[in-house]
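A.B. asks: Got data.txt for you, compact mmCIF, C-alpha atoms:
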# COMPACT_ATOMS: atom_id res chain seq x y z
CA VAL A 66 107.52 168.97 184.13
CA THR A 67 104.41 169.85 186.20
CA THR A 68 104.12 172.05 189.31
CA ASP A 69 101.25 172.62 191.79
CA SER A 70 100.99 174.38 195.22
CA VAL A 71 100.74 171.16 197.21
CA SER A 72 103.12 168.58 195.81
CA GLY A 73 105.50 170.90 194.15
CA THR A 74 107.26 170.02 190.92
CA GLN A 75 107.15 166.60 189.22
CA THR A 76 109.19 165.47 186.22
CA TRP A 77 108.46 162.60 183.76
CA ASN A 78 110.45 161.34 180.80
CA LEU A 79 108.37 160.66 177.64
CA ASN A 80 109.72 158.98 174.48
CA LEU A 81 108.41 160.71 171.31
CA VAL A 82 109.14 159.93 167.67
CA VAL A 83 109.30 163.08 165.55
CA LYS A 84 109.37 162.44 161.81
CA ASN A 85 110.97 164.93 159.46
CA ASP A 86 108.37 164.81 156.62
CA SER A 87 109.71 166.95 153.82
CA LEU A 88 108.58 164.77 150.91
CA ALA A 89 105.31 164.83 149.05
CA PRO A 90 103.46 161.50 148.78
CA ARG A 91 104.70 159.19 146.07
CA TYR A 92 102.21 158.10 143.39
CA THR A 93 101.99 156.02 140.22
CA PRO A 94 99.63 157.11 137.42
CA ASN A 95 97.49 154.33 135.96
CA LEU A 96 95.09 156.18 133.66
CA PRO A 97 95.37 157.69 131.17
CA ILE A 98 98.55 156.18 129.76
CA LYS A 99 100.74 159.07 128.68
CA TYR A 100 101.05 159.88 124.98
CA THR A 101 97.87 158.05 124.08
CA PHE A 102 94.76 159.17 122.21
CA TYR A 103 91.22 159.77 123.44
CA LYS A 104 88.00 160.84 121.85
CA PRO A 105 86.38 163.97 123.32
CA GLY A 106 84.05 163.11 126.16
CA SER A 107 84.55 161.49 129.55
CA ILE A 108 88.21 160.76 130.35
CA PRO A 109 89.08 158.66 133.45
CA PHE A 110 92.08 159.37 135.70
CA ASN A 111 93.47 156.94 138.25
CA ILE A 112 96.57 156.80 140.48
CA ASN A 113 98.00 154.67 143.27
CA TYR A 114 99.74 156.59 146.09
CA SER A 115 102.03 155.86 149.04
CA GLU A 116 102.53 158.09 152.14
CA LEU A 117 104.53 156.63 155.05
CA GLU A 118 105.32 159.78 157.07
CA SER A 119 102.68 162.28 158.21
CA GLY A 120 99.85 160.59 156.36
CA PHE A 121 97.87 161.12 153.19
CA ASN A 122 95.67 164.23 152.95
CA TYR A 123 94.10 164.67 149.47
CA ALA A 124 94.67 164.38 145.71
CA THR A 125 93.64 166.81 142.98
CA LEU A 126 93.89 166.58 139.21
CA HIS A 127 95.15 169.69 137.38
CA TYR A 128 94.65 169.86 133.58
CA GLU A 129 94.59 172.25 130.63
CA ASP A 130 94.63 172.31 126.83
CA THR A 131 98.18 172.76 125.59
CA VAL A 132 99.79 173.53 122.24
CA ASN A 133 102.17 170.54 122.34
CA ASP A 134 103.39 167.77 124.63
CA THR A 135 105.80 169.97 126.59
CA ASP A 136 103.68 173.06 127.23
CA LYS A 137 102.52 173.80 130.81
CA SER A 138 101.32 176.80 132.80
CA SER A 139 99.75 177.79 136.11
CA ASN A 140 96.34 178.35 134.50
CA GLN A 141 94.70 174.95 134.95
CA SER A 142 91.31 173.50 135.67
CA THR A 143 91.04 171.14 138.65
CA SER A 144 89.09 168.07 139.67
CA SER A 145 89.10 166.59 143.18
CA MET A 146 89.91 162.91 143.28
CA THR A 147 88.09 160.29 145.30
CA CYS A 148 90.61 158.21 147.27
CA LEU A 149 90.33 154.85 149.02
CA ASN A 150 92.89 152.19 149.92
CA ASN A 151 95.81 154.05 148.37
CA ASN A 152 93.95 154.59 145.10
CA CYS A 153 92.43 157.80 143.73
CA THR A 154 90.06 158.31 140.80
CA THR A 155 88.26 161.09 138.98
CA SER A 156 87.01 161.84 135.48
CA ILE A 157 86.58 164.97 133.40
CA ASN A 158 84.41 165.71 130.39
CA GLN A 159 86.32 167.34 127.55
CA ALA A 160 84.48 168.67 124.51
CA GLY A 161 86.02 169.72 121.23
CA GLY A 162 89.00 167.77 120.07
CA ASN A 163 92.17 167.90 118.00
CA THR A 164 94.18 169.32 120.88
CA TYR A 165 96.73 168.24 123.44
CA LEU A 166 95.65 167.82 127.05
CA GLY A 167 98.35 168.36 129.69
CA TYR A 168 97.82 167.35 133.30
CA TYR A 169 99.52 166.58 136.60
CA PHE A 170 98.47 165.22 140.00
CA GLU A 171 98.63 167.28 143.19
CA VAL A 172 98.97 164.66 145.96
CA ALA A 173 99.34 166.23 149.45
CA ASP A 174 100.18 164.81 152.85
CA LYS A 175 99.18 166.12 156.30
CA ALA A 176 102.47 167.97 156.63
CA GLY A 177 101.53 170.06 153.62
CA ASN A 178 103.98 168.53 151.18
CA LYS A 179 102.75 168.45 147.56
CA ASP A 180 103.94 169.00 143.99
CA LEU A 181 103.28 172.41 142.41
CA TRP A 182 102.57 173.01 138.73
CA ASN A 183 106.13 174.04 137.95
CA THR A 184 107.77 171.16 139.85
CA ALA A 185 105.28 168.35 139.23
CA THR A 186 105.60 165.72 136.52
CA TRP A 187 103.30 166.61 133.64
CA TYR A 188 101.65 164.05 131.39
CA TYR A 189 100.04 164.53 127.98
CA ILE A 190 97.35 162.88 125.89
CA TYR A 191 95.81 163.92 122.58
CA LEU A 192 92.09 164.50 122.08
CA ASP A 193 91.18 163.31 118.58
CA GLY A 194 87.66 164.17 117.51
CA ASP A 195 87.92 163.38 113.78
CA ALA A 196 87.40 160.01 112.18
CA PRO A 197 89.86 158.82 109.50
CA LEU A 198 89.21 159.48 105.81
CA ILE A 199 88.97 156.42 103.53
CA ASN A 200 88.67 156.40 99.75
CA PRO A 201 88.60 152.99 98.00
CA ASN A 202 90.28 153.01 94.60
CA THR A 203 89.45 149.50 93.43
CA ALA A 204 86.63 150.01 90.96
CA SER A 205 83.24 148.51 91.62
CA GLY A 206 82.75 145.45 89.43
CA SER A 207 86.45 144.50 89.38
CA TYR A 208 87.31 140.84 88.89
CA ALA A 209 89.22 138.68 91.37
CA THR A 210 90.51 135.49 89.75
CA SER A 211 92.07 133.86 92.82
CA ASN A 212 91.69 133.84 96.60
CA ASN A 213 94.70 136.13 96.92
CA TYR A 214 93.70 139.65 95.93
CA SER A 215 94.62 143.27 96.72
CA LEU A 216 92.19 146.08 97.43
CA ASN A 217 93.56 149.56 96.72
CA TYR A 218 92.64 152.63 98.78
CA ASN A 219 93.68 156.05 100.12
CA PHE A 220 93.79 156.76 103.85
CA SER A 221 94.47 159.81 106.00
CA ASP A 222 94.02 160.71 109.66
CA ASN A 223 94.67 164.01 111.46
CA SER A 224 96.54 162.25 114.28
CA PHE A 225 99.44 161.51 111.93
CA ALA A 226 100.22 165.24 111.80
CA ILE A 227 100.86 165.71 115.54
CA GLN A 228 104.37 166.13 116.87
CA GLY A 229 106.35 165.02 119.90
CA SER A 230 106.42 161.71 121.71
CA PHE A 231 103.14 160.36 120.35
CA SER A 232 103.13 157.32 118.07
CA PRO A 233 99.83 157.45 116.15
CA SER A 234 98.59 154.47 114.17
CA ALA A 235 95.38 153.18 112.65
CA THR A 236 94.01 149.77 111.78
CA CYS A 237 92.17 149.13 108.51
CA GLN A 238 90.12 145.99 107.99
CA ALA A 239 88.46 144.71 104.83
CA TYR A 240 85.14 142.87 104.92
CA LEU A 241 83.36 140.77 102.31
CA VAL A 242 79.59 140.37 102.69
CA VAL A 243 78.78 136.66 102.34
CA SER A 244 75.13 135.63 102.73
CA ASN A 245 74.41 139.04 104.34
CA VAL A 246 77.16 138.50 106.95
CA PRO A 247 80.36 140.60 106.83
CA GLN A 248 83.43 138.36 106.85
CA LEU A 249 86.90 139.69 107.70
CA ILE A 250 89.21 139.09 104.73
CA GLY A 251 92.23 141.28 105.53
CA SER A 252 93.73 143.75 108.02
CA GLU A 253 96.76 146.01 108.33
CA THR A 254 98.16 148.72 110.60
CA LEU A 255 99.12 152.13 109.22
CA THR A 256 101.50 154.66 110.76
CA ASN A 257 101.15 157.42 108.19
CA ASN A 258 98.82 158.73 105.52
CA VAL A 259 98.89 156.63 102.34
CA SER A 260 97.78 156.87 98.72
CA ASN A 261 97.16 153.91 96.40
CA LYS A 262 97.81 151.49 99.26
CA ASN A 263 97.28 147.80 98.53
CA LEU A 264 95.63 145.75 101.26
CA ASN A 265 96.18 142.03 100.67
CA VAL A 266 93.02 140.00 101.32
CA ASN A 267 92.01 136.34 101.23
CA LEU A 268 88.74 135.56 99.48
CA SER A 269 88.41 131.91 100.53
CA VAL A 270 85.36 132.81 102.68
CA ALA A 271 83.47 133.09 99.38
CA LEU A 272 82.80 129.42 98.69
CA THR A 273 81.25 130.05 95.28
CA ASP A 274 82.06 132.44 92.47
CA GLY A 275 79.78 135.42 92.00
CA SER A 276 79.30 139.10 92.82
CA TYR A 277 79.94 140.23 96.39
CA GLN A 278 79.95 143.52 98.28
CA TRP A 279 83.10 144.65 100.12
CA TYR A 280 84.03 147.63 102.29
CA LEU A 281 86.82 148.98 104.50
CA ASN A 282 86.58 149.78 108.20
CA CYS A 283 89.39 151.90 109.69
CA THR A 284 89.92 152.81 113.37
CA ASP A 285 92.47 155.29 114.72
CA ASN A 286 94.14 155.24 118.16
CA ALA A 287 91.39 157.33 119.71
CA GLY A 288 88.76 154.82 118.63
CA CYS A 289 87.29 157.01 115.89
CA VAL A 290 85.91 154.74 113.16
CA SER A 291 85.23 155.29 109.46
CA THR A 292 83.51 152.86 107.13
CA SER A 293 83.84 153.18 103.37
CA THR A 294 81.00 152.81 100.91
CA GLN A 295 80.35 149.29 99.69
CA ARG A 296 81.61 148.24 96.28
CA THR A 297 81.05 145.17 94.12
CA LEU A 298 83.77 142.59 93.62
CA VAL A 299 83.20 139.82 91.10
CA ILE A 300 84.97 136.71 92.34
CA ASP A 301 85.65 134.50 89.32
CA ARG A 302 88.29 131.89 90.13
CA TYR A 303 87.29 129.18 87.68
CA GLY A 304 86.98 128.88 83.93
CA PRO A 305 83.69 128.27 82.14
CA LEU A 306 81.69 125.08 82.56
CA ILE A 307 81.94 122.89 79.43
CA LYS A 308 79.63 120.00 78.59
CA MET A 309 79.02 118.20 75.31
CA THR A 310 75.28 117.73 75.05
CA SER A 311 75.21 115.79 71.77
CA PRO A 312 76.44 113.26 70.77
CA SER A 313 77.84 111.38 73.75
CA ASN A 314 81.54 110.84 74.30
CA ASN A 315 83.13 108.01 72.25
CA SER A 316 80.41 108.24 69.65
CA VAL A 317 80.80 107.26 66.00
CA ILE A 318 79.24 109.87 63.71
CA ASN A 319 79.21 110.59 60.00
CA ASN A 320 80.99 113.49 58.42
CA ASN A 321 78.03 115.87 58.44
CA THR A 322 76.92 115.71 62.06
CA ASN A 323 76.68 118.72 64.39
CA LEU A 324 78.28 118.36 67.82
CA TYR A 325 76.64 120.58 70.46
CA PHE A 326 78.23 122.00 73.61
CA TYR A 327 76.85 123.84 76.62
CA ILE A 328 79.44 126.41 77.79
CA SER A 329 78.64 128.93 80.55
CA ASP A 330 80.34 130.85 83.35
CA GLN A 331 78.89 131.33 86.81
CA ALA A 332 80.37 134.73 87.62
CA SER A 333 81.02 136.40 84.25
CA THR A 334 80.58 135.64 80.54
CA VAL A 335 82.26 133.35 78.03
CA SER A 336 84.66 135.43 75.93
CA SER A 337 85.89 132.74 73.53
CA ALA A 338 85.47 129.04 72.76
CA TRP A 339 87.53 126.90 70.36
CA TRP A 340 88.49 123.32 69.55
CA ILE A 341 91.62 121.33 68.71
CA ALA A 342 91.74 117.89 67.08
CA THR A 343 95.34 117.68 65.99
CA PRO A 344 96.28 118.66 63.35
CA LYS A 345 93.03 120.56 62.87
CA ASN A 346 91.54 123.35 64.99
CA GLY A 347 88.94 126.08 64.81
CA ILE A 348 86.42 128.33 66.55
CA LEU A 349 83.18 126.91 67.90
CA THR A 350 80.06 128.27 66.26
CA THR A 351 77.82 130.26 68.59
CA VAL A 352 74.27 128.94 68.62
CA THR A 353 73.02 130.84 71.68
CA ALA A 354 75.27 133.59 73.05
CA ASN A 355 77.20 132.59 76.18
CA GLN A 356 75.63 129.13 76.36
CA ASN A 357 75.29 126.89 73.33
CA TYR A 358 77.95 126.20 70.72
CA SER A 359 78.31 123.76 67.84
CA LEU A 360 80.93 122.08 65.67
CA ASN A 361 80.23 120.22 62.42
CA SER A 362 82.05 116.91 62.09
CA GLY A 363 83.02 117.82 58.54
CA SER A 364 85.73 119.99 60.09
CA LEU A 365 87.23 117.05 61.98
CA ASN A 366 89.64 114.33 60.98
CA SER A 367 88.52 111.08 59.47
CA ASP A 368 88.29 108.22 61.93
CA LEU A 369 89.68 108.92 65.44
CA ASN A 370 89.55 112.45 66.89
CA LEU A 371 90.97 113.29 70.30
CA LEU A 372 88.85 116.42 70.57
CA GLN A 373 89.80 119.19 73.01
CA ILE A 374 87.26 121.93 73.79
CA PHE A 375 88.60 125.19 75.29
CA ALA A 376 86.78 128.23 76.71
CA ASN A 377 87.86 131.50 78.33
CA ASP A 378 85.73 133.80 80.45
CA THR A 379 85.88 137.60 80.60
CA PRO A 380 88.63 137.89 83.27
CA GLY A 381 90.72 135.28 81.45
CA ASN A 382 90.05 132.05 83.32
CA ARG A 383 90.36 129.01 81.06
CA ASN A 384 88.84 125.57 81.16
CA ASN A 385 89.06 122.63 78.78
CA LEU A 386 87.60 119.15 78.44
CA ASN A 387 88.65 116.21 76.27
CA TYR A 388 86.35 114.00 74.21
CA THR A 389 86.85 111.09 71.83
CA ILE A 390 84.88 111.19 68.60
CA TYR A 391 85.07 108.86 65.59
CA VAL A 392 84.13 110.32 62.22
CA ASP A 393 83.03 107.51 59.92
CA ASP A 394 83.18 109.01 56.43
CA LYS A 395 83.67 105.72 54.48
CA ALA A 396 80.92 103.39 53.26
CA PRO A 397 81.05 99.65 54.08
CA VAL A 398 83.20 97.46 51.82
CA ILE A 399 81.08 94.83 49.92
CA THR A 400 82.56 91.68 48.44
CA LEU A 401 80.36 89.47 46.12
CA ASN A 402 81.13 85.84 46.85
CA SER A 403 78.67 84.04 44.58
CA PRO A 404 77.60 83.83 41.89
CA ALA A 405 80.64 85.17 40.12
CA ASN A 406 80.23 88.46 38.32
CA ALA A 407 79.03 88.23 34.71
CA THR A 408 78.11 84.54 34.96
CA ILE A 409 74.92 82.55 34.32
CA THR A 410 73.63 80.57 37.32
CA THR A 411 70.66 78.47 38.17
CA SER A 412 70.97 79.33 41.89
CA LYS A 413 68.55 81.74 43.44
CA LYS A 414 71.01 82.65 46.19
CA ILE A 415 73.38 85.62 46.24
CA ASN A 416 76.22 85.46 48.78
CA PHE A 417 78.27 88.54 49.73
CA THR A 418 80.40 89.89 52.58
CA ALA A 419 80.13 93.45 54.04
CA THR A 420 82.77 94.97 56.36
CA ASP A 421 83.10 98.36 58.10
CA ASN A 422 85.62 99.87 60.50
CA TYR A 423 82.96 100.95 63.02
CA SER A 424 79.69 99.06 62.35
CA PRO A 425 79.47 95.42 63.42
CA THR A 426 75.91 95.13 62.02
CA PHE A 427 74.44 96.38 58.77
CA SER A 428 71.21 97.08 57.02
CA CYS A 429 71.63 95.50 53.58
CA SER A 430 69.39 95.56 50.50
CA VAL A 431 69.74 93.72 47.15
CA TYR A 432 68.50 95.36 43.93
CA LEU A 433 67.99 93.59 40.60
CA ASN A 434 67.59 95.45 37.34
CA SER A 435 65.22 94.43 34.58
Would you mind writing the structure in this file as structure tokens?
C.D. replies:
Amino acid sequence: VTTDSVSGTQTWNLNLVVKNDSLAPRYTPNLPIKYTFYKPGSIPFNINYSELESGFNYATLHYEDTVNDTDKSSNQSTSSMTCLNNNCTTSINQAGGNTYLGYYFEVADKAGNKDLWNTATWYYIYLDGDAPLINPNTASGSYATSNNYSLNYNFSDNSFAIQGSFSPSATCQAYLVVSNVPQLIGSETLTNNVSNKNLNVNLSVALTDGSYQWYLNCTDNAGCVSTSTQRTLVIDRYGPLIKMTSPSNNSVINNNTNLYFYISDQASTVSSAWWIATPKNGILTTVTANQNYSLNSGSLNSDLNLLQIFANDTPGNRNNLNYTIYVDDKAPVITLNSPANATITTSKKINFTATDNYSPTFSCSVYLNS
């Protein structure tokens, strides 16, 4: 309605929409995820918001150190959030560690609606400033005799002692250094402190037997990392190498011949070496420690010997090889054909036959007395 001194009073009808905005803006927190772990330092915060009534005004982060994951008070620090396209972000820098951090978001509209500290939804994370503690128990210089092996260790992390809705865990990984390159050989997830824990590993990355360095690397939920000291693991999956150096296989020898063997182990030492030629057996004679061994044929059977050579290394791996050896301990058989024994002859020829089980040719000599 308007009135002036000339035209008098005029009336117009206007259609107005009046919204009853009694609700604070709705929002969805993106970062941090509640009940997660962070290292002290810069911590990002991010939300998406929606305001369909009077319009969005501002967003502020409220946060404080708390004693647990339910504690809250009106004494908070604040950080203004930068908002664009229904998304708001900020970050804070928290020093120290080993404490809960409680926080909520104050998101206001132009009508003044917003959540207060005692009515807002609070969220909690845990600031973990300590790395896990790792203590390998497997002794340096231990032997692994197969690709499947277990490394023993102790592990503890302070996050496992916190209470409430948090679900702390840690991941421990074992590495074997092969040609100066760490190779992952095993991994497991822990949810509590452990003592004398076995971590199963696979050593197939080590293509050859020998001494290798290994270590553990453990990471907790906050990203704090601990690396153990390196220790030596002797991978010895195969028995000693056995080779007969003299004579050759399938040889015919007399009954006072030494047989020589080269026996060695790549990763450890030869602990024992012995032979079997049924029904006989015995210990090989050491010629040079951990390498050369001998066996005199006088200990073997007459004629055919199916000779088995055995050797063990220090961790107990066994190897054996089979050889065939003929021990010829009988002289050739000589038969005089002519002249007949104890006879008088005018012939200057002596005829005889010589036979042997193993020699097709002979060296023969004839001796006449006076």
A.B. asks: May I have a table of the residues of stretch 192-259 of chain A lying at most 12 Å from stretch 367-385 of chain A, giving each one's closest pair of atoms and their distance in Å to one decimal, counting all atoms listed in the file, ordered by chain and ascending residue number, as a Markdown table?
C.D. replies:
| residue | atom | partner | partner_atom | distance |
| --- | --- | --- | --- | --- |
| A:Gly206 | CA | A:Pro380 | CA | 11.4 |
| A:Ser207 | CA | A:Pro380 | CA | 9.3 |
| A:Tyr208 | CA | A:Pro380 | CA | 6.5 |
| A:Ala209 | CA | A:Pro380 | CA | 8.2 |
| A:Thr210 | CA | A:Pro380 | CA | 7.2 |
| A:Ser211 | CA | A:Asn382 | CA | 9.9 |
A.B. asks: Quick one: everything within 9 Å of A:Asn163, counting only C-alpha atoms, minus sequence neighbours fewer than 2 positions away in the same chain. Send it as a list of chain:residue names.
C.D. replies: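 Listing them by chain and then by number gives A:Pro105, A:Gly161, A:Tyr165, A:Tyr191, A:Leu192, A:Asp193, A:Gly194, A:Asp195, A:Asn223, A:Ser224.
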A.B. asks: Nearest residue to A:Pro201 out of A:Thr292, A:Asn346, A:Ser234, A:Thr93, using all atoms listed in the file?
C.D. replies: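 Closest residue, counting all atoms listed in the file: A:Thr292.
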A.B. asks: Excluding same-chain residues fewer than 6 positions from stretch 257-263 of chain A, what lies within 9 Å of it counting only C-alpha atoms, as a tab-separated table (two decimals) with C-alpha atoms, in the frame of the given file?
C.D. replies:
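Written output follows (result27.tsv):
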chain	number	residue	atom	x	y	z
A	201	PRO	CA	88.60	152.99	98.00
A	202	ASN	CA	90.28	153.01	94.60
A	215	SER	CA	94.62	143.27	96.72
A	216	LEU	CA	92.19	146.08	97.43
A	217	ASN	CA	93.56	149.56	96.72
A	218	TYR	CA	92.64	152.63	98.78
A	219	ASN	CA	93.68	156.05	100.12
A	220	PHE	CA	93.79	156.76	103.85
A	221	SER	CA	94.47	159.81	106.00
A	222	ASP	CA	94.02	160.71	109.66
A	223	ASN	CA	94.67	164.01	111.46
A	225	PHE	CA	99.44	161.51	111.93
A	226	ALA	CA	100.22	165.24	111.80
A	233	PRO	CA	99.83	157.45	116.15
A	234	SER	CA	98.59	154.47	114.17
A	235	ALA	CA	95.38	153.18	112.65
A.B. asks: Neighbours of A:Ile108 within 9 Å (all atoms listed in the file; same-chain residues fewer than 5 positions away dropped), as number ranges by chain?
C.D. replies: A: 96-97, 103, 155-159
A.B. asks: Just write the chosen residues, C-alpha atoms, as an mmCIF file, in the frame of the given file.
C.D. replies:
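Dumped everything to out_9.cif:
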data_model
loop_
_atom_site.group_PDB
_atom_site.id
_atom_site.type_symbol
_atom_site.label_atom_id
_atom_site.label_comp_id
_atom_site.auth_asym_id
_atom_site.auth_seq_id
_atom_site.Cartn_x
_atom_site.Cartn_y
_atom_site.Cartn_z
ATOM 1 C CA LEU A 96 95.090 156.180 133.660
ATOM 2 C CA PRO A 97 95.370 157.690 131.170
ATOM 3 C CA TYR A 103 91.220 159.770 123.440
ATOM 4 C CA THR A 155 88.260 161.090 138.980
ATOM 5 C CA SER A 156 87.010 161.840 135.480
ATOM 6 C CA ILE A 157 86.580 164.970 133.400
ATOM 7 C CA ASN A 158 84.410 165.710 130.390
ATOM 8 C CA GLN A 159 86.320 167.340 127.550
#
A.B. asks: Counting all atoms listed in the file, figure out which residue out of A:Ala160, A:Leu324, A:Ala338, A:Leu264 gets nearest to A:Tyr280.
C.D. replies: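 With all atoms listed in the file as the atom set, the closest residue is A:Leu264.
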